[in-house]
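Novice: This is the structure, below, for whatever I ask next.
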Amino acid sequence: MRVQWEDIPPEGLEVALEEVGDLPLKGPKGSLEEKMRLASPVRGKLSLKREKRGVVIRGDFRCTVFIRCARCLKEFELPISEDFESLYLHIRYAPQEDEVELSAKDMEVGFLREETVEVEEILRERIWLSIPMKPLCKEDCRGLCPTCGKDLNEGDCGCPKEALDPRFAILKDLKLSLKG
Ligand SMILES: [Zn+2]
Ligand SMILES: [Zn+2]
């Protein structure tokens, strides 16, 4: 869904996100997040308001995404709840080095290439930002045994623990994630 800046009335415009159907979520190649996808539709709204040089976007939405646990590599549903307010300026107003002043200091500032708001783009970006670096299926996920690869959440594997080199564990982790 795309909103032209000129179509935003002075009092602002509300976009119900229920109208946003499919939202393909693609991550950087090779990352764990590559496989992330929506598990439940986005619910909530965006409020758009014109500013002299851009648009203030206020958003409040929830959804869940399928993502892989950074420790055990199992896919799980991560709930996302976002409440944000950002000022999006047209790229031509990107501040010069000598211009530090931006209209709202406390507000995050983003940039748009055209005078349109791509609703899906904004959502995608916000969902990315809210995903932790190391998503965990549960706080105390025990991960995989670096020696035999068994999911330790399902019980101990019996491998000796003391000889483990943590650097080796990371390598093994990587290998597994590439395979999957
Ligand atoms: Zn896990
Ligand atoms: Zn083991």
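Just so we're on the same page: first chain in the structure tokens is A, next is B, and so on; residues restart at 1 for each chain, and ligands are numbered from 1 in the order they show up.
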From a DSSP pass on the backbone, collect the residues of range 8-163 of chain A flagged as helix (DSSP H, G or I) and hand them back as a ChimeraX atom specification.

Specialist: /A:17-19,32-35,91-93,119-130,152-154

Novice: Selection from above, N, CA and C atoms, as a JSON list (two decimals), in the first residue's frame, can you write it?

Specialist:
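This went into out15.json:
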[["chain", "number", "residue", "atom", "x", "y", "z"],
["A", 17, "LEU", "N", -3.86, -1.25, 9.49],
["A", 17, "LEU", "CA", -2.90, -2.22, 8.95],
["A", 17, "LEU", "C", -3.53, -3.56, 8.63],
["A", 18, "GLU", "N", -4.76, -3.75, 9.04],
["A", 18, "GLU", "CA", -5.46, -4.98, 8.69],
["A", 18, "GLU", "C", -5.56, -5.12, 7.18],
["A", 19, "GLU", "N", -5.46, -3.98, 6.49],
["A", 19, "GLU", "CA", -5.58, -4.03, 5.04],
["A", 19, "GLU", "C", -4.28, -4.51, 4.38],
["A", 32, "LEU", "N", 20.46, -15.96, 9.84],
["A", 32, "LEU", "CA", 19.42, -16.82, 10.39],
["A", 32, "LEU", "C", 18.04, -16.28, 10.05],
["A", 33, "GLU", "N", 17.97, -14.97, 9.97],
["A", 33, "GLU", "CA", 16.66, -14.34, 9.78],
["A", 33, "GLU", "C", 16.13, -14.52, 8.37],
["A", 34, "GLU", "N", 16.95, -15.07, 7.52],
["A", 34, "GLU", "CA", 16.56, -15.23, 6.13],
["A", 34, "GLU", "C", 15.21, -15.94, 6.01],
["A", 35, "LYS", "N", 14.97, -16.84, 6.95],
["A", 35, "LYS", "CA", 13.75, -17.63, 6.86],
["A", 35, "LYS", "C", 12.57, -17.01, 7.59],
["A", 91, "ILE", "N", 14.73, 12.63, 1.27],
["A", 91, "ILE", "CA", 16.18, 12.44, 1.26],
["A", 91, "ILE", "C", 16.91, 13.74, 0.93],
["A", 92, "ARG", "N", 16.25, 14.65, 0.21],
["A", 92, "ARG", "CA", 16.94, 15.90, -0.13],
["A", 92, "ARG", "C", 17.13, 16.79, 1.09],
["A", 93, "TYR", "N", 16.46, 16.45, 2.18],
["A", 93, "TYR", "CA", 16.63, 17.24, 3.41],
["A", 93, "TYR", "C", 17.58, 16.55, 4.39],
["A", 119, "VAL", "N", 3.73, 1.68, 2.92],
["A", 119, "VAL", "CA", 3.35, 1.15, 4.23],
["A", 119, "VAL", "C", 4.07, -0.15, 4.54],
["A", 120, "GLU", "N", 4.14, -1.04, 3.55],
["A", 120, "GLU", "CA", 4.81, -2.32, 3.79],
["A", 120, "GLU", "C", 6.29, -2.14, 4.15],
["A", 121, "GLU", "N", 6.93, -1.19, 3.47],
["A", 121, "GLU", "CA", 8.35, -0.92, 3.74],
["A", 121, "GLU", "C", 8.56, -0.49, 5.19],
["A", 122, "ILE", "N", 7.69, 0.42, 5.63],
["A", 122, "ILE", "CA", 7.81, 0.93, 7.00],
["A", 122, "ILE", "C", 7.64, -0.23, 7.98],
["A", 123, "LEU", "N", 6.64, -1.05, 7.73],
["A", 123, "LEU", "CA", 6.38, -2.18, 8.63],
["A", 123, "LEU", "C", 7.56, -3.13, 8.66],
["A", 124, "ARG", "N", 8.05, -3.45, 7.49],
["A", 124, "ARG", "CA", 9.19, -4.37, 7.40],
["A", 124, "ARG", "C", 10.36, -3.85, 8.23],
["A", 125, "GLU", "N", 10.63, -2.57, 8.02],
["A", 125, "GLU", "CA", 11.75, -1.95, 8.72],
["A", 125, "GLU", "C", 11.53, -2.01, 10.24],
["A", 126, "ARG", "N", 10.33, -1.68, 10.66],
["A", 126, "ARG", "CA", 10.06, -1.67, 12.10],
["A", 126, "ARG", "C", 10.13, -3.08, 12.68],
["A", 127, "ILE", "N", 9.66, -4.05, 11.94],
["A", 127, "ILE", "CA", 9.73, -5.42, 12.43],
["A", 127, "ILE", "C", 11.19, -5.84, 12.57],
["A", 128, "TRP", "N", 12.01, -5.51, 11.57],
["A", 128, "TRP", "CA", 13.44, -5.83, 11.64],
["A", 128, "TRP", "C", 14.06, -5.22, 12.87],
["A", 129, "LEU", "N", 13.73, -3.94, 13.10],
["A", 129, "LEU", "CA", 14.35, -3.23, 14.21],
["A", 129, "LEU", "C", 13.98, -3.84, 15.55],
["A", 130, "SER", "N", 12.81, -4.47, 15.61],
["A", 130, "SER", "CA", 12.35, -4.95, 16.92],
["A", 130, "SER", "C", 12.78, -6.39, 17.19],
["A", 152, "LEU", "N", 19.54, -29.93, 23.60],
["A", 152, "LEU", "CA", 19.65, -30.19, 25.04],
["A", 152, "LEU", "C", 18.38, -29.85, 25.80],
["A", 153, "ASN", "N", 17.43, -29.20, 25.13],
["A", 153, "ASN", "CA", 16.13, -28.97, 25.78],
["A", 153, "ASN", "C", 15.38, -30.28, 25.94],
["A", 154, "GLU", "N", 15.74, -31.25, 25.12],
["A", 154, "GLU", "CA", 15.06, -32.55, 25.18],
["A", 154, "GLU", "C", 15.76, -33.51, 26.12]]

Novice: Any idea what's packed within 7 Å of Leu144 in chain A, counting only C-alpha atoms, ignoring anything in its chain fewer than 4 positions away? Could you give it as a list of chain:residue names?

Specialist: A:Arg71, A:Cys72, A:Gly149, A:Lys150, A:Asp151, A:Leu152

Novice: Would you put the residues from that selection into a file with N, CA and C atoms, as a JSON list (two decimals), in the first residue's frame?

Specialist:
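Output file again_24.json follows:
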[["chain", "number", "residue", "atom", "x", "y", "z"],
["A", 71, "ARG", "N", 19.90, -20.33, 19.58],
["A", 71, "ARG", "CA", 20.62, -21.39, 20.29],
["A", 71, "ARG", "C", 20.27, -22.78, 19.78],
["A", 72, "CYS", "N", 18.99, -23.10, 19.69],
["A", 72, "CYS", "CA", 18.64, -24.48, 19.32],
["A", 72, "CYS", "C", 18.24, -24.59, 17.85],
["A", 149, "GLY", "N", 25.35, -32.37, 18.70],
["A", 149, "GLY", "CA", 24.28, -31.66, 18.04],
["A", 149, "GLY", "C", 22.89, -31.91, 18.60],
["A", 150, "LYS", "N", 22.80, -32.68, 19.66],
["A", 150, "LYS", "CA", 21.49, -32.96, 20.22],
["A", 150, "LYS", "C", 20.89, -31.71, 20.86],
["A", 151, "ASP", "N", 19.59, -31.56, 20.71],
["A", 151, "ASP", "CA", 18.88, -30.46, 21.34],
["A", 151, "ASP", "C", 18.82, -30.72, 22.85],
["A", 152, "LEU", "N", 19.54, -29.93, 23.60],
["A", 152, "LEU", "CA", 19.65, -30.19, 25.04],
["A", 152, "LEU", "C", 18.38, -29.85, 25.80]]

Novice: For ligand 2, which residue out of A:Pro146, A:Gly110, A:Gly155, A:Pro132 is the nearest one, using only C-alpha atoms and all ligand atoms?

Specialist: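 That would be A:Pro146, the residue with the smallest distance to ligand 2.
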
Novice: Can you work out which residues are within 6 Å of ligand 2, considering only C-alpha atoms and all ligand atoms, and then hand them over as a PDB file with N, CA and C atoms, in the first residue's frame?

Specialist:
ATOM      1  N   CYS A 145      23.982 -29.433  21.773  1.00  0.00           N
ATOM      2  CA  CYS A 145      25.280 -29.905  22.243  1.00  0.00           C
ATOM      3  C   CYS A 145      26.291 -29.658  21.117  1.00  0.00           C
ATOM      4  N   THR A 147      29.008 -30.947  20.633  1.00  0.00           N
ATOM      5  CA  THR A 147      29.712 -32.160  20.210  1.00  0.00           C
ATOM      6  C   THR A 147      28.843 -33.037  19.321  1.00  0.00           C
ATOM      7  N   CYS A 148      27.630 -33.351  19.797  1.00  0.00           N
ATOM      8  CA  CYS A 148      26.810 -34.292  19.029  1.00  0.00           C
ATOM      9  C   CYS A 148      25.614 -33.619  18.359  1.00  0.00           C
ATOM     10  N   GLY A 149      25.346 -32.368  18.701  1.00  0.00           N
ATOM     11  CA  GLY A 149      24.275 -31.656  18.038  1.00  0.00           C
ATOM     12  C   GLY A 149      22.889 -31.906  18.598  1.00  0.00           C
ATOM     13  N   LYS A 150      22.802 -32.677  19.659  1.00  0.00           N
ATOM     14  CA  LYS A 150      21.488 -32.962  20.225  1.00  0.00           C
ATOM     15  C   LYS A 150      20.894 -31.714  20.860  1.00  0.00           C
ATOM     16  N   CYS A 157      22.750 -35.317  26.599  1.00  0.00           N
ATOM     17  CA  CYS A 157      23.201 -36.266  25.591  1.00  0.00           C
ATOM     18  C   CYS A 157      24.299 -37.177  26.134  1.00  0.00           C
ATOM     19  N   GLY A 158      24.900 -36.772  27.248  1.00  0.00           N
ATOM     20  CA  GLY A 158      25.933 -37.612  27.830  1.00  0.00           C
ATOM     21  C   GLY A 158      27.336 -37.286  27.362  1.00  0.00           C
ATOM     22  N   CYS A 159      27.483 -36.304  26.478  1.00  0.00           N
ATOM     23  CA  CYS A 159      28.830 -35.913  26.051  1.00  0.00           C
ATOM     24  C   CYS A 159      29.550 -35.268  27.233  1.00  0.00           C
TER      25      CYS A 159
END

Novice: So, counting only C-alpha atoms, which residue among A:Val3, A:Val56, A:Cys63, A:Leu136 is closest to Arg37 in chain A?

Specialist: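 Once distances to Arg37 in chain A are computed over only C-alpha atoms, the minimum belongs to A:Cys63.
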
Novice: Within 9 Å of ligand 1, which residues show up when you count only C-alpha atoms and all ligand atoms? List them as a list in words, please.

Specialist: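 Checking only C-alpha atoms and all ligand atoms against ligand 1 at 9 Å gives Arg68, Cys69, Ala70, Arg71, Cys72, Leu73, Lys74, Glu75, Phe76, Pro135, Leu136, Cys137, Lys138, Glu139, Asp140, Cys141, Arg142, Gly143, Leu144, Asp151 and Asn153 of chain A.
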
Novice: Please produce a file of the residues just selected, as a compact mmCIF listing (two decimals), in the first residue's frame, where the atoms kept are N, CA and C atoms.

Specialist:
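Dumped to part-v6.txt:
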# COMPACT_ATOMS: atom_id res chain seq x y z
N ARG A 68 14.05 -18.38 13.73
CA ARG A 68 14.79 -19.48 14.33
C ARG A 68 15.50 -19.05 15.60
N CYS A 69 15.43 -19.91 16.59
CA CYS A 69 16.11 -19.66 17.85
C CYS A 69 17.62 -19.65 17.60
N ALA A 70 18.30 -18.66 18.16
CA ALA A 70 19.74 -18.54 17.93
C ALA A 70 20.52 -19.66 18.61
N ARG A 71 19.90 -20.33 19.58
CA ARG A 71 20.62 -21.39 20.29
C ARG A 71 20.27 -22.78 19.78
N CYS A 72 18.99 -23.10 19.69
CA CYS A 72 18.64 -24.48 19.32
C CYS A 72 18.24 -24.59 17.85
N LEU A 73 18.14 -23.44 17.17
CA LEU A 73 17.85 -23.38 15.73
C LEU A 73 16.45 -23.84 15.36
N LYS A 74 15.61 -24.07 16.36
CA LYS A 74 14.23 -24.43 16.06
C LYS A 74 13.45 -23.17 15.73
N GLU A 75 12.50 -23.34 14.82
CA GLU A 75 11.65 -22.22 14.48
C GLU A 75 10.62 -22.01 15.57
N PHE A 76 10.40 -20.76 15.93
CA PHE A 76 9.36 -20.49 16.92
C PHE A 76 8.66 -19.19 16.57
N PRO A 135 17.53 -14.00 18.85
CA PRO A 135 16.19 -14.41 19.28
C PRO A 135 16.25 -15.78 19.95
N LEU A 136 15.58 -15.91 21.08
CA LEU A 136 15.59 -17.17 21.80
C LEU A 136 14.17 -17.69 21.94
N CYS A 137 14.00 -19.01 21.73
CA CYS A 137 12.68 -19.61 21.82
C CYS A 137 12.15 -19.51 23.25
N LYS A 138 13.08 -19.54 24.20
CA LYS A 138 12.74 -19.26 25.60
C LYS A 138 14.00 -18.77 26.28
N GLU A 139 13.82 -17.98 27.29
CA GLU A 139 14.93 -17.33 27.99
C GLU A 139 16.04 -18.34 28.32
N ASP A 140 15.67 -19.52 28.77
CA ASP A 140 16.67 -20.48 29.25
C ASP A 140 16.85 -21.63 28.26
N CYS A 141 16.69 -21.32 26.98
CA CYS A 141 16.93 -22.36 25.98
C CYS A 141 18.34 -22.93 26.16
N ARG A 142 18.46 -24.24 26.20
CA ARG A 142 19.77 -24.85 26.47
C ARG A 142 20.58 -25.07 25.20
N GLY A 143 19.96 -24.86 24.06
CA GLY A 143 20.71 -24.95 22.81
C GLY A 143 21.08 -26.37 22.43
N LEU A 144 22.01 -26.46 21.49
CA LEU A 144 22.44 -27.76 20.99
C LEU A 144 23.78 -28.14 21.60
N ASP A 151 19.59 -31.56 20.71
CA ASP A 151 18.88 -30.46 21.34
C ASP A 151 18.82 -30.72 22.85
N ASN A 153 17.43 -29.20 25.13
CA ASN A 153 16.13 -28.97 25.78
C ASN A 153 15.38 -30.28 25.94

Novice: Restricting the calculation to only C-alpha atoms: of A:Val20, A:Ile8, A:Leu112, A:Leu46, which residue gets closest to Gly59 in chain A?

Specialist: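 The shortest atom-to-atom distance to Gly59 in chain A comes from A:Leu46.
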
Novice: Can you work out the spacing between CA of Arg113 in chain A and CA of Lys49 in chain A in Å, to one decimal?

Specialist: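 Value for the CA of Arg113 in chain A-CA of Lys49 in chain A distance: 17.3 Å.
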
Novice: When distances are computed from only C-alpha atoms, which of A:Ile57, A:Val15, A:Ala39, A:Ile67 shows the smallest separation from Asp83 in chain A?

Specialist: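 Checking each candidate against Asp83 in chain A, we get A:Ile57 as the closest.
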
Novice: Would you mind reading off the distance between CA of Leu38 in chain A and CA of Phe66 in chain A, one decimal, in Å?

Specialist: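 That distance, rounded to one decimal, is 6.0 Å.
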